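So the structure is just underneath, and the comments pick up after that.
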Amino acid sequence: MSKNILEEIRKEQVINATKKLIIDKGYSNFSMKDVAAEMDMSTGLIYHYFENKDDLLVQVLKHSFREPQRRAMDSVEPLPDFLDKISTYIESMNEVPRNDPEFYIILLNYLGQVLYAPDIEQILKKFFRNLRNFIEQMFRSGQSQGVISGEHCDGLPELMIAASMGISFQYLVDPEGFQLEKALGRYKDVVMHYLKNPPQKDHKDRMATPAVHPDQHILIESN
């Protein structure tokens, strides 16, 4: 095995050890010495792979996003049907709080640093923009298939991300009291129902004030 491959393996091991420390202790409550102890290696060797703690934390964030993004793309992209794409994407995202809640623990730790760490802010901005773009791309396929109009897609990527993450964060805070499965199921049902039954184009016209019958004018004028 080449030296470069060994170094990449070592880096990933350090990143995974750091993730564990973030989950167990919190973003700000560990040192590089703690990482070295977790790895059973010298602190100097950690600095061989990463410039400093900030560099390590940035790499941990990038690494944390990689696997969920890959899973979503692999499950959705081969599907030709728009509604199948959306349904599969939602189910893929729903699996994260079920089987990988650590992802949201790490994300929550980093969200608290957005106002103070420009590097982390940029990574998170890119993550959310890429996520919105990925969902928008699925909606474009729905438009090309004639399932839904662009007007009815406006704001849906943002809403879907907010709902998915909001459910997951609530579950993290109150796993005993929060009904995760019911919330995930209802979220998926609401989105799929909207896409299968989008508002009609004349919805606003139907909601407008009804026309006044001619006889009503007579009654009004006679009063």
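By order of appearance in the structure tokens: chains A, B, ..., then residues from 1 within every chain, and ligands from 1 in the order shown.
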
Using only C-alpha atoms, find each residue of range 68-98 of chain A with at least one atom at most 9 Å away from an atom of range 171-190 of chain A; report its shortest atom-to-atom pair and that distance in Å (one decimal), sort the rows by chain and rising residue number, and return the result as CSV.
residue,atom,partner,partner_atom,distance
A:Ser87,CA,A:Lys188,CA,7.4
A:Ile90,CA,A:Lys188,CA,6.6
A:Glu91,CA,A:Lys188,CA,7.9
A:Asn94,CA,A:Leu184,CA,6.4
A:Pro97,CA,A:Tyr171,CA,7.9
A:Arg98,CA,A:Leu180,CA,8.3

Please produce a file of the residues just selected, as a compact mmCIF listing (two decimals), in the first residue's frame, where the atoms kept are C-alpha atoms.
# COMPACT_ATOMS: atom_id res chain seq x y z
CA SER A 87 -40.51 10.10 -2.81
CA ILE A 90 -37.56 12.20 1.09
CA GLU A 91 -37.22 8.62 2.30
CA ASN A 94 -35.80 10.42 6.58
CA PRO A 97 -32.45 10.76 11.90
CA ARG A 98 -33.47 7.11 12.10

>> What's around Asp24 in chain A at 12 Å? Count only C-alpha atoms, leave out sequence neighbours fewer than 6 positions away in its own chain, and write the answer as a VMD selection string.
In response: chain A and resid 17 to 18 30 34 38 102 105 to 106 109

>> Neighbouring residues of Val35 in chain A were defined as those with any atom within 12 Å, considering only C-alpha atoms; residues of the same chain fewer than 2 positions away were excluded. Please report them as a ChimeraX atom specification.
In response: /A:11,13-22,25,29-33,37-47,50,52-53,56-57
